[in-house]
$ cat entry-v2.pdb   # PDB, C-alpha atoms
ATOM      1  CA  MET Z   1      -8.264 -21.133 -78.400  1.00  0.00           C
ATOM      2  CA  SER Z   2      -8.116 -19.212 -75.094  1.00  0.00           C
ATOM      3  CA  ASP Z   3      -5.020 -17.886 -73.330  1.00  0.00           C
ATOM      4  CA  HIS Z   4      -5.410 -20.700 -70.820  1.00  0.00           C
ATOM      5  CA  GLU Z   5      -5.460 -23.368 -73.534  1.00  0.00           C
ATOM      6  CA  GLU Z   6      -2.415 -21.831 -75.249  1.00  0.00           C
ATOM      7  CA  LEU Z   7      -0.417 -21.693 -72.022  1.00  0.00           C
ATOM      8  CA  GLU Z   8      -1.596 -25.082 -70.767  1.00  0.00           C
ATOM      9  CA  GLY Z   9      -0.009 -26.607 -73.867  1.00  0.00           C
ATOM     10  CA  SER Z  10       3.357 -25.125 -72.815  1.00  0.00           C
ATOM     11  CA  VAL Z  11       3.303 -26.419 -69.229  1.00  0.00           C
ATOM     12  CA  ALA Z  12       5.087 -29.670 -70.165  1.00  0.00           C
ATOM     13  CA  ALA Z  13       7.889 -27.761 -71.922  1.00  0.00           C
ATOM     14  CA  TRP Z  14       8.178 -25.443 -68.899  1.00  0.00           C
ATOM     15  CA  VAL Z  15       8.443 -28.394 -66.494  1.00  0.00           C
ATOM     16  CA  LEU Z  16      11.250 -29.789 -68.658  1.00  0.00           C
ATOM     17  CA  GLY Z  17      13.064 -26.439 -68.688  1.00  0.00           C
ATOM     18  CA  ALA Z  18      12.703 -26.190 -72.469  1.00  0.00           C
ATOM     19  CA  LEU Z  19      11.477 -22.578 -72.677  1.00  0.00           C
ATOM     20  CA  ASP Z  20      13.623 -19.487 -72.950  1.00  0.00           C
ATOM     21  CA  PRO Z  21      13.562 -17.145 -69.897  1.00  0.00           C
ATOM     22  CA  GLU Z  22      10.884 -14.765 -71.159  1.00  0.00           C
ATOM     23  CA  ASP Z  23       8.448 -17.489 -72.191  1.00  0.00           C
ATOM     24  CA  ALA Z  24       9.216 -19.510 -69.062  1.00  0.00           C
ATOM     25  CA  GLU Z  25       8.324 -16.503 -66.922  1.00  0.00           C
ATOM     26  CA  ALA Z  26       4.978 -16.100 -68.731  1.00  0.00           C
ATOM     27  CA  VAL Z  27       4.108 -19.762 -68.174  1.00  0.00           C
ATOM     28  CA  ARG Z  28       5.350 -19.657 -64.552  1.00  0.00           C
ATOM     29  CA  ALA Z  29       3.100 -16.680 -63.787  1.00  0.00           C
ATOM     30  CA  HIS Z  30       0.128 -18.443 -65.373  1.00  0.00           C
ATOM     31  CA  VAL Z  31       0.797 -21.682 -63.473  1.00  0.00           C
ATOM     32  CA  GLU Z  32       1.011 -19.837 -60.151  1.00  0.00           C
ATOM     33  CA  ALA Z  33      -2.337 -18.149 -60.779  1.00  0.00           C
ATOM     34  CA  CYS Z  34      -4.151 -21.131 -62.350  1.00  0.00           C
ATOM     35  CA  PRO Z  35      -5.057 -24.076 -60.064  1.00  0.00           C
ATOM     36  CA  THR Z  36      -5.693 -26.351 -63.066  1.00  0.00           C
ATOM     37  CA  CYS Z  37      -2.289 -25.761 -64.672  1.00  0.00           C
ATOM     38  CA  ARG Z  38      -0.585 -25.885 -61.286  1.00  0.00           C
ATOM     39  CA  GLU Z  39      -1.986 -29.386 -60.769  1.00  0.00           C
ATOM     40  CA  VAL Z  40      -0.941 -30.401 -64.304  1.00  0.00           C
ATOM     41  CA  ALA Z  41       2.596 -29.196 -63.611  1.00  0.00           C
ATOM     42  CA  SER Z  42       2.715 -31.134 -60.362  1.00  0.00           C
ATOM     43  CA  ARG Z  43       1.618 -34.358 -62.031  1.00  0.00           C
ATOM     44  CA  LEU Z  44       4.032 -33.892 -64.927  1.00  0.00           C
ATOM     45  CA  ARG Z  45       6.908 -33.407 -62.482  1.00  0.00           C
ATOM     46  CA  ARG Z  46       6.062 -36.753 -60.886  1.00  0.00           C
ATOM     47  CA  VAL Z  47       5.986 -38.457 -64.298  1.00  0.00           C
ATOM     48  CA  VAL Z  48       9.317 -36.927 -65.371  1.00  0.00           C
ATOM     49  CA  ALA Z  49      10.932 -37.792 -62.029  1.00  0.00           C
ATOM     50  CA  ALA Z  50       9.787 -41.419 -62.310  1.00  0.00           C
ATOM     51  CA  LEU Z  51      11.076 -42.060 -65.820  1.00  0.00           C
ATOM     52  CA  PRO Z  52      14.787 -42.423 -65.020  1.00  0.00           C
ATOM     53  CA  LEU Z  53      13.976 -44.680 -62.053  1.00  0.00           C
ATOM     54  CA  ALA Z  54      11.827 -47.083 -64.048  1.00  0.00           C
ATOM     55  CA  VAL Z  55      13.935 -47.482 -67.196  1.00  0.00           C
ATOM     56  CA  GLU Z  56      17.420 -48.904 -67.352  1.00  0.00           C
ATOM     57  CA  GLU Z  57      19.943 -46.707 -69.116  1.00  0.00           C
ATOM     58  CA  SER Z  58      20.425 -47.628 -72.759  1.00  0.00           C
ATOM     59  CA  ALA Z  59      21.319 -45.966 -76.042  1.00  0.00           C
ATOM     60  CA  PRO Z  60      18.237 -44.396 -77.688  1.00  0.00           C
ATOM     61  CA  PRO Z  61      17.207 -45.808 -81.079  1.00  0.00           C
ATOM     62  CA  PRO Z  62      17.949 -43.643 -84.148  1.00  0.00           C
ATOM     63  CA  ARG Z  63      14.216 -43.194 -84.754  1.00  0.00           C
ATOM     64  CA  LEU Z  64      13.897 -41.381 -81.419  1.00  0.00           C
ATOM     65  CA  ARG Z  65      16.196 -38.604 -82.596  1.00  0.00           C
ATOM     66  CA  GLU Z  66      14.395 -38.421 -85.941  1.00  0.00           C
ATOM     67  CA  ARG Z  67      10.985 -38.107 -84.254  1.00  0.00           C
ATOM     68  CA  VAL Z  68      12.143 -35.389 -81.859  1.00  0.00           C
ATOM     69  CA  LEU Z  69      13.799 -33.390 -84.639  1.00  0.00           C
ATOM     70  CA  ALA Z  70      10.702 -33.733 -86.823  1.00  0.00           C
ATOM     71  CA  ALA Z  71       8.538 -32.367 -84.007  1.00  0.00           C
ATOM     72  CA  ALA Z  72      10.944 -29.508 -83.409  1.00  0.00           C
ATOM     73  CA  ALA Z  73      11.231 -28.561 -87.060  1.00  0.00           C
ATOM     74  CA  ALA Z  74       7.486 -28.000 -87.400  1.00  0.00           C
ATOM     75  CA  SER Z  75       6.941 -26.043 -84.256  1.00  0.00           C
ATOM     76  CA  ARG Z  76      -9.687 -52.759 -81.165  1.00  0.00           C
ATOM     77  CA  ARG Z  77     -11.641 -50.280 -83.829  1.00  0.00           C
ATOM     78  CA  PRO Z  78     -15.490 -49.854 -83.862  1.00  0.00           C
ATOM     79  CA  SER Z  79     -17.317 -51.416 -86.820  1.00  0.00           C
ATOM     80  CA  SER Z  80     -19.378 -48.256 -87.254  1.00  0.00           C
ATOM     81  CA  ALA Z  81     -18.735 -44.567 -86.716  1.00  0.00           C
ATOM     82  CA  PRO Z  82     -18.514 -43.693 -82.993  1.00  0.00           C
ATOM     83  CA  PHE Z  83     -21.147 -40.943 -83.069  1.00  0.00           C
ATOM     84  CA  ALA Z  84     -23.741 -39.213 -85.211  1.00  0.00           C
ATOM     85  CA  VAL Z  85     -23.185 -35.968 -87.073  1.00  0.00           C
ATOM     86  CA  VAL Z  86     -24.914 -32.815 -85.832  1.00  0.00           C
ATOM     87  CA  ALA Z  87     -25.439 -29.474 -87.509  1.00  0.00           C
ATOM     88  CA  PRO Z  88     -22.468 -27.091 -87.217  1.00  0.00           C
ATOM     89  CA  ARG Z  89     -22.689 -24.211 -84.789  1.00  0.00           C
ATOM     90  CA  PRO Z  90     -22.164 -20.583 -85.858  1.00  0.00           C
ATOM     91  CA  PRO Z  91     -18.536 -19.507 -86.319  1.00  0.00           C
ATOM     92  CA  LEU Z  92     -16.759 -18.290 -83.211  1.00  0.00           C
ATOM     93  CA  ARG Z  93     -14.857 -15.025 -83.027  1.00  0.00           C
ATOM     94  CA  ALA Z  94     -11.118 -15.176 -83.381  1.00  0.00           C
ATOM     95  CA  PRO Z  95      -9.396 -15.758 -80.028  1.00  0.00           C
ATOM     96  CA  THR Z  96      -7.231 -13.182 -78.315  1.00  0.00           C
ATOM     97  CA  PRO Z  97      -3.582 -14.134 -78.812  1.00  0.00           C
ATOM     98  CA  SER Z  98      -1.873 -15.663 -75.795  1.00  0.00           C
ATOM     99  CA  PRO Z  99       0.775 -13.671 -73.905  1.00  0.00           C
ATOM    100  CA  LEU Z 100       3.493 -15.608 -75.700  1.00  0.00           C
ATOM    101  CA  VAL Z 101       2.100 -14.540 -79.090  1.00  0.00           C
ATOM    102  CA  ARG Z 102       1.119 -10.976 -78.127  1.00  0.00           C
ATOM    103  CA  SER Z 103       4.691 -10.313 -77.109  1.00  0.00           C
ATOM    104  CA  GLY Z 104       5.742 -11.136 -80.653  1.00  0.00           C
ATOM    105  CA  ARG Z 105       7.269 -14.471 -79.575  1.00  0.00           C
ATOM    106  CA  ARG Z 106       6.178 -18.009 -80.108  1.00  0.00           C
ATOM    107  CA  VAL Z 107       7.104 -21.035 -78.057  1.00  0.00           C
ATOM    108  CA  PRO Z 108      10.488 -22.073 -79.467  1.00  0.00           C
ATOM    109  CA  VAL Z 109      10.630 -25.155 -81.628  1.00  0.00           C
ATOM    110  CA  TYR Z 110      12.571 -27.043 -78.999  1.00  0.00           C
ATOM    111  CA  ALA Z 111       9.578 -26.671 -76.650  1.00  0.00           C
ATOM    112  CA  ALA Z 112       7.505 -28.775 -79.059  1.00  0.00           C
ATOM    113  CA  ALA Z 113      10.326 -31.288 -79.113  1.00  0.00           C
ATOM    114  CA  ALA Z 114      10.289 -31.408 -75.314  1.00  0.00           C
ATOM    115  CA  LEU Z 115       6.656 -32.477 -75.235  1.00  0.00           C
ATOM    116  CA  ALA Z 116       7.314 -35.036 -77.960  1.00  0.00           C
ATOM    117  CA  LEU Z 117      10.178 -36.333 -75.863  1.00  0.00           C
ATOM    118  CA  VAL Z 118       7.895 -36.776 -72.841  1.00  0.00           C
ATOM    119  CA  THR Z 119       5.607 -38.911 -74.986  1.00  0.00           C
ATOM    120  CA  LEU Z 120       8.430 -40.969 -76.433  1.00  0.00           C
ATOM    121  CA  LEU Z 121      10.021 -41.537 -73.025  1.00  0.00           C
ATOM    122  CA  ALA Z 122       6.655 -42.546 -71.594  1.00  0.00           C
ATOM    123  CA  GLY Z 123       6.364 -45.055 -74.424  1.00  0.00           C
ATOM    124  CA  VAL Z 124       9.796 -46.415 -73.540  1.00  0.00           C
ATOM    125  CA  LEU Z 125       8.627 -46.732 -69.944  1.00  0.00           C
ATOM    126  CA  VAL Z 126       5.606 -48.779 -71.011  1.00  0.00           C
ATOM    127  CA  GLY Z 127       7.799 -51.130 -73.028  1.00  0.00           C
ATOM    128  CA  GLU Z 128      10.333 -51.586 -70.248  1.00  0.00           C
ATOM    129  CA  VAL Z 129       7.930 -52.283 -67.400  1.00  0.00           C
ATOM    130  CA  ALA Z 130       6.130 -54.899 -69.488  1.00  0.00           C
ATOM    131  CA  PHE Z 131       9.249 -57.085 -69.190  1.00  0.00           C
ATOM    132  CA  ARG Z 132      10.182 -56.344 -65.596  1.00  0.00           C
ATOM    133  CA  GLU Z 133       8.334 -58.333 -62.953  1.00  0.00           C
ATOM    134  CA  THR Z 134       9.359 -55.978 -60.182  1.00  0.00           C
ATOM    135  CA  GLN Z 135       7.621 -53.074 -61.911  1.00  0.00           C
ATOM    136  CA  ARG Z 136       4.091 -54.504 -62.076  1.00  0.00           C
ATOM    137  CA  PRO Z 137       2.590 -51.758 -59.843  1.00  0.00           C
ATOM    138  CA  VAL Z 138       3.937 -49.120 -62.269  1.00  0.00           C
ATOM    139  CA  GLN Z 139       2.674 -51.007 -65.323  1.00  0.00           C
ATOM    140  CA  SER Z 140      -0.869 -51.131 -63.922  1.00  0.00           C
ATOM    141  CA  GLN Z 141      -0.892 -47.342 -63.855  1.00  0.00           C
ATOM    142  CA  VAL Z 142       0.065 -46.910 -67.527  1.00  0.00           C
ATOM    143  CA  SER Z 143      -1.868 -48.193 -70.529  1.00  0.00           C
ATOM    144  CA  ARG Z 144      -1.500 -47.708 -74.245  1.00  0.00           C
ATOM    145  CA  PHE Z 145      -3.757 -48.004 -77.278  1.00  0.00           C
ATOM    146  CA  THR Z 146      -3.841 -46.768 -80.864  1.00  0.00           C
ATOM    147  CA  MET Z 147      -6.225 -44.868 -83.101  1.00  0.00           C
ATOM    148  CA  ALA Z 148      -6.387 -45.808 -86.771  1.00  0.00           C
ATOM    149  CA  GLY Z 149      -7.427 -43.684 -89.739  1.00  0.00           C
ATOM    150  CA  HIS Z 150     -10.089 -44.675 -92.268  1.00  0.00           C
ATOM    151  CA  GLN Z 151     -11.285 -43.391 -95.656  1.00  0.00           C
ATOM    152  CA  ASP Z 152      -9.632 -40.015 -96.338  1.00  0.00           C
ATOM    153  CA  MET Z 153      -7.471 -40.443 -93.215  1.00  0.00           C
ATOM    154  CA  SER Z 154      -6.449 -44.031 -93.892  1.00  0.00           C
ATOM    155  CA  GLY Z 155      -2.752 -43.152 -93.628  1.00  0.00           C
ATOM    156  CA  ALA Z 156      -3.091 -41.488 -90.232  1.00  0.00           C
ATOM    157  CA  GLN Z 157      -2.633 -43.076 -86.839  1.00  0.00           C
ATOM    158  CA  ALA Z 158      -2.056 -42.095 -83.233  1.00  0.00           C
ATOM    159  CA  SER Z 159      -0.382 -43.717 -80.236  1.00  0.00           C
ATOM    160  CA  VAL Z 160      -2.142 -42.935 -76.957  1.00  0.00           C
ATOM    161  CA  ILE Z 161      -0.438 -43.244 -73.578  1.00  0.00           C
ATOM    162  CA  ASP Z 162      -2.782 -43.060 -70.585  1.00  0.00           C
ATOM    163  CA  LEU Z 163      -0.930 -42.093 -67.390  1.00  0.00           C
ATOM    164  CA  LYS Z 164      -3.716 -43.352 -65.153  1.00  0.00           C
ATOM    165  CA  SER Z 165      -2.344 -42.392 -61.760  1.00  0.00           C
ATOM    166  CA  ASP Z 166      -1.719 -38.833 -62.948  1.00  0.00           C
ATOM    167  CA  GLY Z 167      -4.947 -38.286 -64.887  1.00  0.00           C
ATOM    168  CA  LEU Z 168      -3.046 -37.245 -68.006  1.00  0.00           C
ATOM    169  CA  THR Z 169      -3.058 -38.619 -71.544  1.00  0.00           C
ATOM    170  CA  LEU Z 170      -0.444 -38.072 -74.254  1.00  0.00           C
ATOM    171  CA  VAL Z 171      -1.514 -38.568 -77.880  1.00  0.00           C
ATOM    172  CA  ASP Z 172       1.143 -38.802 -80.608  1.00  0.00           C
ATOM    173  CA  PHE Z 173      -0.451 -38.222 -84.033  1.00  0.00           C
ATOM    174  CA  ARG Z 174       1.321 -39.197 -87.264  1.00  0.00           C
ATOM    175  CA  GLY Z 175       0.449 -39.023 -90.953  1.00  0.00           C
ATOM    176  CA  LEU Z 176      -2.416 -36.548 -90.661  1.00  0.00           C
ATOM    177  CA  PRO Z 177      -3.425 -34.621 -93.785  1.00  0.00           C
ATOM    178  CA  GLN Z 178      -3.647 -30.877 -93.309  1.00  0.00           C
ATOM    179  CA  PRO Z 179      -7.154 -29.946 -92.084  1.00  0.00           C
ATOM    180  CA  GLY Z 180      -7.538 -27.095 -94.568  1.00  0.00           C
ATOM    181  CA  ALA Z 181      -7.645 -23.315 -94.336  1.00  0.00           C
ATOM    182  CA  GLY Z 182      -9.546 -22.146 -91.271  1.00  0.00           C
ATOM    183  CA  ARG Z 183      -9.987 -25.728 -90.040  1.00  0.00           C
ATOM    184  CA  VAL Z 184      -8.688 -27.649 -87.021  1.00  0.00           C
ATOM    185  CA  TYR Z 185      -8.724 -31.212 -85.767  1.00  0.00           C
ATOM    186  CA  GLU Z 186     -10.809 -31.778 -82.651  1.00  0.00           C
ATOM    187  CA  VAL Z 187     -10.278 -34.657 -80.207  1.00  0.00           C
ATOM    188  CA  TRP Z 188     -13.350 -36.233 -78.616  1.00  0.00           C
ATOM    189  CA  LEU Z 189     -13.841 -38.684 -75.762  1.00  0.00           C
ATOM    190  CA  ILE Z 190     -17.030 -40.751 -75.904  1.00  0.00           C
ATOM    191  CA  PRO Z 191     -18.484 -42.573 -72.889  1.00  0.00           C
ATOM    192  CA  LYS Z 192     -20.584 -45.699 -73.381  1.00  0.00           C
ATOM    193  CA  GLY Z 193     -24.079 -44.550 -74.221  1.00  0.00           C
ATOM    194  CA  GLY Z 194     -23.068 -40.902 -73.843  1.00  0.00           C
ATOM    195  CA  SER Z 195     -22.392 -37.882 -76.008  1.00  0.00           C
ATOM    196  CA  PRO Z 196     -18.936 -36.934 -77.337  1.00  0.00           C
ATOM    197  CA  GLU Z 197     -16.958 -34.530 -75.163  1.00  0.00           C
ATOM    198  CA  SER Z 198     -14.382 -32.210 -76.716  1.00  0.00           C
ATOM    199  CA  VAL Z 199     -10.968 -32.346 -75.035  1.00  0.00           C
ATOM    200  CA  SER Z 200      -8.575 -30.617 -77.450  1.00  0.00           C
ATOM    201  CA  VAL Z 201      -8.211 -28.833 -80.789  1.00  0.00           C
ATOM    202  CA  PHE Z 202      -4.994 -28.709 -82.795  1.00  0.00           C
ATOM    203  CA  VAL Z 203      -3.359 -28.277 -86.186  1.00  0.00           C
ATOM    204  CA  PRO Z 204      -0.655 -30.783 -87.207  1.00  0.00           C
ATOM    205  CA  ASP Z 205       2.804 -29.759 -88.338  1.00  0.00           C
ATOM    206  CA  SER Z 206       3.882 -29.879 -91.964  1.00  0.00           C
ATOM    207  CA  ASN Z 207       4.752 -33.571 -91.589  1.00  0.00           C
ATOM    208  CA  GLY Z 208       1.271 -34.440 -90.327  1.00  0.00           C
ATOM    209  CA  GLY Z 209       2.450 -34.943 -86.752  1.00  0.00           C
ATOM    210  CA  LYS Z 210       1.415 -33.496 -83.408  1.00  0.00           C
ATOM    211  CA  VAL Z 211       1.762 -34.408 -79.751  1.00  0.00           C
ATOM    212  CA  VAL Z 212      -1.379 -33.475 -77.809  1.00  0.00           C
ATOM    213  CA  LEU Z 213      -1.681 -33.351 -74.030  1.00  0.00           C
ATOM    214  CA  VAL Z 214      -5.157 -34.268 -72.744  1.00  0.00           C
ATOM    215  CA  ASN Z 215      -5.595 -33.068 -69.183  1.00  0.00           C
ATOM    216  CA  ARG Z 216      -8.229 -35.635 -68.283  1.00  0.00           C
ATOM    217  CA  SER Z 217      -8.487 -39.194 -67.025  1.00  0.00           C
ATOM    218  CA  LEU Z 218      -9.813 -41.687 -69.578  1.00  0.00           C
ATOM    219  CA  ALA Z 219     -11.708 -43.665 -66.927  1.00  0.00           C
ATOM    220  CA  GLY Z 220     -15.320 -44.179 -67.983  1.00  0.00           C
ATOM    221  CA  TYR Z 221     -14.744 -43.452 -71.673  1.00  0.00           C
ATOM    222  CA  ALA Z 222     -15.096 -46.042 -74.424  1.00  0.00           C
ATOM    223  CA  VAL Z 223     -13.778 -44.347 -77.584  1.00  0.00           C
ATOM    224  CA  MET Z 224     -11.378 -41.572 -78.549  1.00  0.00           C
ATOM    225  CA  ALA Z 225     -12.040 -39.996 -81.949  1.00  0.00           C
ATOM    226  CA  VAL Z 226     -10.928 -37.073 -84.122  1.00  0.00           C
ATOM    227  CA  THR Z 227     -12.937 -34.915 -86.525  1.00  0.00           C
ATOM    228  CA  ASN Z 228     -12.133 -32.005 -88.817  1.00  0.00           C
ATOM    229  CA  GLU Z 229     -13.944 -28.897 -87.525  1.00  0.00           C
ATOM    230  CA  PRO Z 230     -14.104 -25.131 -88.150  1.00  0.00           C
ATOM    231  CA  GLY Z 231     -11.232 -23.223 -86.567  1.00  0.00           C
ATOM    232  CA  PRO Z 232      -9.943 -21.834 -84.420  1.00  0.00           C
ATOM    233  CA  ASP Z 233     -11.972 -23.317 -81.539  1.00  0.00           C
ATOM    234  CA  GLY Z 234     -13.658 -26.333 -83.090  1.00  0.00           C
ATOM    235  CA  SER Z 235     -17.317 -27.225 -82.546  1.00  0.00           C
ATOM    236  CA  ALA Z 236     -19.534 -27.783 -79.524  1.00  0.00           C
ATOM    237  CA  ALA Z 237     -20.540 -31.145 -81.034  1.00  0.00           C
ATOM    238  CA  PRO Z 238     -19.117 -33.147 -83.963  1.00  0.00           C
ATOM    239  CA  THR Z 239     -20.244 -31.958 -87.393  1.00  0.00           C
ATOM    240  CA  GLN Z 240     -19.034 -35.052 -89.260  1.00  0.00           C
ATOM    241  CA  GLN Z 241     -18.392 -38.741 -88.780  1.00  0.00           C
ATOM    242  CA  PRO Z 242     -14.853 -39.376 -87.504  1.00  0.00           C
ATOM    243  CA  GLN Z 243     -12.320 -41.037 -89.749  1.00  0.00           C
ATOM    244  CA  LEU Z 244      -9.693 -41.489 -87.011  1.00  0.00           C
ATOM    245  CA  TYR Z 245     -10.730 -43.330 -83.844  1.00  0.00           C
ATOM    246  CA  GLY Z 246      -9.924 -46.173 -81.471  1.00  0.00           C
ATOM    247  CA  ASP Z 247     -11.198 -47.997 -78.395  1.00  0.00           C
ATOM    248  CA  VAL Z 248      -9.855 -46.666 -75.108  1.00  0.00           C
ATOM    249  CA  GLY Z 249      -7.497 -49.294 -73.706  1.00  0.00           C
TER     250      GLY Z 249
END

$ encode --input "entry-v2.pdb" --output "structure tokens"
Amino acid sequence: MSDHEELEGSVAAWVLGALDPEDAEAVRAHVEACPTCREVASRLRRVVAALPLAVEESAPPPRLRERVLAAAAASRRPSSAPFAVVAPRPPLRAPTPSPLVRSGRRVPVYAAAALALVTLLAGVLVGEVAFRETQRPVQSQVSRFTMAGHQDMSGAQASVIDLKSDGLTLVDFRGLPQPGAGRVYEVWLIPKGGSPESVSVFVPDSNGGKVVLVNRSLAGYAVMAVTNEPGPDGSAAPTQQPQLYGDVG
């Protein structure tokens, strides 16, 4: 995983003010110098600013607190497989640690909770606007679907929130088995009649959960799928049939 990928994953926590000063400064410097992350930050600010305007104030359910704490403590389905297996590519060299890791610091656990909170709040937004006639324009810009696990991943699932107007997607994984030593999970988007495109690699926490930010619009894609690939950077093309997948809503 490159420095850019490491820091891009911390942009949401930075926008929410959930990083300590030293880490926040590292992300701020990267955002200022990186047009891609600068645009991500801008879109996330719009999403965060819209949440309190679209949802009426209410007491959060107990499960919300449990989900956020769990994240913090650890850091339609096709009838056939979505794509064919290809031969694995040669192993990649180990990546250079990101500035946050080289400095001997990791993103604090509450930063992971911040990103989980964005996902959970976005889910609340989807539920609220579905019952409010006056919010139909907002609802049309947010869609949600699920991915379900099969075979060895039958207990896993993921909730996907597509923020269409902002070109961002939040994926909340639950119940994933550990990928194994030197292995990672890789997220793929598959267009109709096209080849799988890699959009993220990750390792779940000890509870099998992970919130993944996909900095891409889902327009034009038919399926989202996950495979277990060699770490730390995954594969250029899938090396196995996916056991966790779902139709893009």

$ atom_distance --input "entry-v2.pdb" --atom1 "CA of Asn228 in chain Z" --atom2 "CA of Gln243 in chain Z"
9.1 Å

$ closest_residue --input "entry-v2.pdb" --among "Z:Gly220, Z:Pro204, Z:Pro242, Z:Gly149" --to "Pro191 in chain Z" --atoms "all atoms listed in the file"
Z:Gly220

$ resolve_selection --input "entry-v2.pdb" --expression "the PyMOL selection byres ((chain Z and resi 151) around 12)" --output "PyMOL selection string"
chain Z and resi 81+148-150+152-156+177+241-245

$ write_last_selection --input "entry-v2.pdb" --atoms "C-alpha atoms" --output "mmCIF file, in the frame of the given file"
data_model
loop_
_atom_site.group_PDB
_atom_site.id
_atom_site.type_symbol
_atom_site.label_atom_id
_atom_site.label_comp_id
_atom_site.auth_asym_id
_atom_site.auth_seq_id
_atom_site.Cartn_x
_atom_site.Cartn_y
_atom_site.Cartn_z
ATOM 1 C CA ALA Z 81 -18.735 -44.567 -86.716
ATOM 2 C CA ALA Z 148 -6.387 -45.808 -86.771
ATOM 3 C CA GLY Z 149 -7.427 -43.684 -89.739
ATOM 4 C CA HIS Z 150 -10.089 -44.675 -92.268
ATOM 5 C CA ASP Z 152 -9.632 -40.015 -96.338
ATOM 6 C CA MET Z 153 -7.471 -40.443 -93.215
ATOM 7 C CA SER Z 154 -6.449 -44.031 -93.892
ATOM 8 C CA GLY Z 155 -2.752 -43.152 -93.628
ATOM 9 C CA ALA Z 156 -3.091 -41.488 -90.232
ATOM 10 C CA PRO Z 177 -3.425 -34.621 -93.785
ATOM 11 C CA GLN Z 241 -18.392 -38.741 -88.780
ATOM 12 C CA PRO Z 242 -14.853 -39.376 -87.504
ATOM 13 C CA GLN Z 243 -12.320 -41.037 -89.749
ATOM 14 C CA LEU Z 244 -9.693 -41.489 -87.011
ATOM 15 C CA TYR Z 245 -10.730 -43.330 -83.844
#

$ closest_residue --input "entry-v2.pdb" --among "Z:Leu213, Z:Pro179, Z:Val248, Z:Pro230" --to "Lys192 in chain Z" --atoms "only C-alpha atoms"
Z:Val248

$ residues_near_point --input "entry-v2.pdb" --point "(-1.5, -40.1, -61.1)" --cutoff "9 Å" --atoms "all atoms listed in the file" --output "ChimeraX atom specification"
/Z:43,46-47,141,163-168

$ residues_near_point --input "entry-v2.pdb" --point "(-20.6, -39.8, -76.0)" --cutoff "9 Å" --atoms "only C-alpha atoms" --output "ChimeraX atom specification"
/Z:82-83,188-197,221-223

$ atom_distance --input "entry-v2.pdb" --atom1 "CA of Gly246 in chain Z" --atom2 "CA of Ser42 in chain Z"
28.8 Å

$ resolve_selection --input "entry-v2.pdb" --expression "the PyMOL selection byres ((chain Z and resi 161) around 7)" --output "short mmCIF file (atom, residue, chain, number, x, y, z; two decimals) with C-alpha atoms, keeping the file's coordinate frame"
data_model
loop_
_atom_site.label_atom_id
_atom_site.label_comp_id
_atom_site.auth_asym_id
_atom_site.auth_seq_id
_atom_site.Cartn_x
_atom_site.Cartn_y
_atom_site.Cartn_z
CA SER Z 143 -1.87 -48.19 -70.53
CA ARG Z 144 -1.50 -47.71 -74.24
CA PHE Z 145 -3.76 -48.00 -77.28
CA SER Z 159 -0.38 -43.72 -80.24
CA VAL Z 160 -2.14 -42.94 -76.96
CA ASP Z 162 -2.78 -43.06 -70.58
CA LEU Z 163 -0.93 -42.09 -67.39
CA THR Z 169 -3.06 -38.62 -71.54
CA LEU Z 170 -0.44 -38.07 -74.25
CA VAL Z 171 -1.51 -38.57 -77.88
#

$ resolve_selection --input "entry-v2.pdb" --expression "the PyMOL selection byres ((chain Z and resi 232-234) around 7)" --output "list in words"
Met1, Ala94, Gly182, Arg183, Val184, Glu186, Val201, Glu229, Pro230, Gly231 and Ser235 of chain Z

$ residues_around --input "entry-v2.pdb" --residues "Trp14 in chain Z" --least-positions-apart "5" --cutoff "8 Å" --atoms "all atoms listed in the file" --output "ChimeraX atom specification"
/Z:19,24,27-28,111

$ residues_around --input "entry-v2.pdb" --residues "Cys34 in chain Z" --least-positions-apart "3" --cutoff "12 Å" --atoms "all atoms listed in the file" --output "list in words"
Asp3, His4, Glu5, Leu7, Glu8, Val11, Val27, Arg28, Ala29, His30, Val31, Cys37, Arg38, Glu39, Val40 and Ala41 of chain Z

$ closest_residue --input "entry-v2.pdb" --among "Z:Gln178, Z:Asn215, Z:Ser198, Z:Asp247" --to "Thr146 in chain Z" --atoms "all atoms listed in the file"
Z:Asp247

$ atom_distance --input "entry-v2.pdb" --atom1 "CA of Ser206 in chain Z" --atom2 "CA of Gly17 in chain Z"
25.3 Å

$ decode --input "entry-v2.pdb" --residues "range 227-238 of chain Z" --atoms "C-alpha atoms" --output "PDB file, in the first residue's frame"
ATOM      1  CA  THR Z 227     -11.346 -11.865  -2.879  1.00  0.00           C
ATOM      2  CA  ASN Z 228      -8.500 -13.000  -0.647  1.00  0.00           C
ATOM      3  CA  GLU Z 229      -5.193 -11.986  -2.273  1.00  0.00           C
ATOM      4  CA  PRO Z 230      -1.458 -11.867  -1.481  1.00  0.00           C
ATOM      5  CA  GLY Z 231      -0.472  -8.900   0.668  1.00  0.00           C
ATOM      6  CA  PRO Z 232       0.339  -6.185   1.085  1.00  0.00           C
ATOM      7  CA  ASP Z 233      -0.892  -4.751  -2.238  1.00  0.00           C
ATOM      8  CA  GLY Z 234      -3.237  -7.418  -3.552  1.00  0.00           C
ATOM      9  CA  SER Z 235      -3.267  -8.618  -7.163  1.00  0.00           C
ATOM     10  CA  ALA Z 236      -3.574  -6.953 -10.553  1.00  0.00           C
ATOM     11  CA  ALA Z 237      -6.422  -9.372 -11.348  1.00  0.00           C
ATOM     12  CA  PRO Z 238      -8.402 -11.785  -9.141  1.00  0.00           C
TER      13      PRO Z 238
END
